[in-house]
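Enquirer: Please see the structure below; I have some questions.
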Number of protein chains: 2
Amino acid sequence: MTVDFAAKKALFHLPDGVIYLDGNSLGPMVKTAPARIAQAMAEWQDLLIRGWNKAGWMAQPAALGDRVAKLIGAAPGTVVLGDTLSIKVYQALASALEMNPKRRVILSDTGNFPSDLYMAEGLCRTLCGQYRLKTVAPEEVMSAIDDTVAVTLITEVDYRTGRRHDMTDITKRAHEMGVLTVWDLAHSAGALPVDLAGAGADFAVGCTYKYLNSGPGGPAFIYVAPRHAETARPALSGWLGHAEPFAFDLSYRPGQGIERMRVGTPAVLQMAALDAALDAWDGVDLAEVHRQSLRLQDQFIKGVETRAPTLQLATPRSHLMRGSQVSFRHPEGYAIMQALIAEGVIGDFRAPDILRFGFTPLYIDEDDVARAVGILAKIMDYGSWDKPEFKQRARVT
Amino acid sequence: MTVDFAAKKALFHLPDGVIYLDGNSLGPMVKTAPARIAQAMAEWQDLLIRGWNKAGWMAQPAALGDRVAKLIGAAPGTVVLGDTLSIKVYQALASALEMNPKRRVILSDTGNFPSDLYMAEGLCRTLCGQYRLKTVAPEEVMSAIDDTVAVTLITEVDYRTGRRHDMTDITKRAHEMGVLTVWDLAHSAGALPVDLAGAGADFAVGCTYKYLNSGPGGPAFIYVAPRHAETARPALSGWLGHAEPFAFDLSYRPGQGIERMRVGTPAVLQMAALDAALDAWDGVDLAEVHRQSLRLQDQFIKGVETRAPTLQLATPRSHLMRGSQVSFRHPEGYAIMQALIAEGVIGDFRAPDILRFGFTPLYIDEDDVARAVGILAKIMDYGSWDKPEFKQRARVT
């Protein structure tokens, strides 16, 4: 069964005149999202407190977890939604460290998203200085996994270069060395086939506002391998992760399985937007999505290298080492991206010199790519990025 | 200037036939919330990633913080929104402990909301077993504050009994003993006048989905006293709390003041609902709101004690020791509350035997109270709570 990409594209709201190559940062809205949000608002209005049971709000984090699980090769009952990715990183890492008590090193790489590193740093400080975060270059992760490492904290696809780690190989090596793995799927979930169960991953975390299109500030998710479900003990032990939240016991007892990774009151409106967005993924084969993304990426790379050769490819050429984005380097990257955005081609810039473009086949097609290449080529040919309004320093992009 | 309560009531959606005495659990919706949410959805649809700057999403947590600050006696720039209350408890507590490094005890009370205790427990475990949580009866908090205590973690108003602590006295005693204070304002913010600056509180946290009516899963807030703003170091050190998030440094440097207490990507839709809800608080004097709440509470207590005398008052009689709710005990409390809800009077039940009623003058008036008393009296007179459908064990209420 093949995905009808044209039909999928029709599910999304895409503003006129915009070629949106930034779904790797914030996905666009599905057309059904406003009605789904309006429904959640009506539930709140009419049911008030009774919505927690009658509208299923309380069960939403686990129900949505099962929907996300299908997209990342996880069994039902192993994923739960909530909080932000940074919080879920802390949660996974703290549990994993506690399960490997004789070791003191968290291994990550310098291509990891800074928030993951900051949260790990914060956790090490909280852990009374007994632990340390060690970062190596992405290419050196495999060789740095040794018997001093307690946990690896690796983002599968590099947010800057789009370089992809081999989850299966790294997890295998980690387990041989007695190391637990925490995988960050921020740039994987909804972008490429992930097989958490097959790879034997121990923990995984991710966000839903990128490729899964849940909207700004959509909830994060956490996965715990079934073999750890009753062992992992959350450091962030909130009442909705308690075995019996409504017993209001004074002491914490972890809930069953993945439920214990819940913390506080779930963000019902954001979850409703995610619920609508996940409908677009029904019947979608991630392997096919990724193949199509790679086709679009190749078209873009070829176009840019032919028509705008001063841009330097930062993403690996090998399909095996790519996620769903392509990045180019240029010393004037920020100004070039501003000029592109002014022309309706929305990608983003990551300091110091990376232009980032996401290729999301559910709503981006060959025509979009061809037009984007044309606009980029024109900007580079005429140097129209070299205007004062494009040259200020990056803030949020 | 007095509050026009009838005009305020007209701002809220309240379902026909419902007397809503559960605003202390989940506040009702203001009528402007759907339009404000629709606006946020339109920003997402049209601006996509550009919404972070152009729609002000990135600045929202601090802007809303300033609006909440006005309601809790805090200066501008000292409050920021985000995450859930449980996460904010962890964050405040971890910072406070680090600032009082020679002490090892967190003092709380058995009337505190369990999630606060669970998060403290989790933090103690994370802190390598070097710290411990000590809980005493609410009445014993003052005498238990001694020079072994590092931090107090006290919820100003008891979620079960409605008993109110004296924030000024406890904070004064704590400071005399070299103890830092973390105040949980879950049942205070929007319910009664809070003067964090005047009381000299060190940290405070709270939620917005109760009295502030932000909707299910609305964001939490955290306050840090200005004198600690540049000292407090977050354990949950996420990228949006970094001094320069978009520099993507590999190491964490705390942001300026309260900004450092931000963690991950803010929940934009939930924040939009809060923004609409806070309009109802414009020009409202919390002292007057609390006085009116006390009038409604007294009317309710008098009515219940006269007409349903088998219910035992659990809330202190003194106005000085009350928040915005009244609780009664009854061995069949759960069934009675179910019967009340079936008759349109919505309060809630807290195990093992507490019936809880919130009195929120922005949308509850004397007529509502009189009718609620009448319905409760009828249920008790005829024993109509003693039916099988009302007798099952509580889940979510």
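By convention here, the chains of the structure tokens are called A, B, ... in the order presented, each chain's residues are numbered starting at 1, and ligands are numbered starting at 1 in the order presented.
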If you count only C-alpha atoms, which residues fall within 10 Å of A:Trp385, apart from same-chain ones fewer than 3 positions away, as a VMD selection string?
Expert: chain A and resid 332 to 340 342 376 379 to 382 388 to 391
Enquirer: Considering only C-alpha atoms, extract the chain A residues located within 7 Å of chain B and return them as a PyMOL selection string.
Expert: chain A and resi 13+15+26+28-29+34+41+45-46+48-50+52-53+83-86+114-115+117-119+122-123+126-128+216-218+235-239+246-252+263-270+351+395-397
Enquirer: Counting only C-alpha atoms, which residue out of B:Tyr223, B:Phe203, B:Thr161, B:Ile19 sits closest to B:Arg371?
Expert: B:Ile19
Enquirer: Kindly indicate which residue among B:Ala96, B:Leu185, B:Gly344, B:Arg173 lies nearest to B:His228, using only C-alpha atoms for the distances.
Expert: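 The closest residue to B:His228 is B:Ala96.
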Enquirer: How would you write, as a count of residues only, the set of residues in stretch 5-218 of chain B that DSSP gives as strand (DSSP E)?
Expert: 32
Enquirer: Compile the contact shell of stretch 141-157 of chain B as an MDAnalysis selection string: residues with an atom at most 9 Å away, counting only C-alpha atoms, same-chain residues fewer than 2 positions apart removed.
Expert: chainID B and resid 89 93 96:97 99:109 111:113 116:117 120 135:139 159:167 169:171 173:174 177:188 321:324
Enquirer: Hey, what's within 10 Å of stretch 299-309 of chain A if we count only C-alpha atoms and toss same-chain stuff fewer than 5 positions away? As number ranges by chain, please?
Expert: A: 293-294, 315, 317, 326-328, 357, 359, 366, 368-374, 376-381
Enquirer: Which residues in stretch 104-251 of chain B does DSSP call alpha helix (DSSP H)? List them as a PyMOL selection string.
Expert: chain B and resi 114-126+141-144+167-176+196-199
Enquirer: Just the residues within 8 Å of B:Thr78, please, counting only C-alpha atoms, with nothing from its chain fewer than 4 positions along; format it as a list in words.
Expert: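 Contacts, in chain order: Gly65, Asp66, Ala69, Ala74, Tyr223, Val224, Ala225, Pro226, Ala229, Gly257 and Ile258 of chain B.
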Enquirer: Please, what distance in Å, to one decimal, runs between atom CA of B:Asp195 and atom CA of B:Leu133?
Expert: 26.6 Å
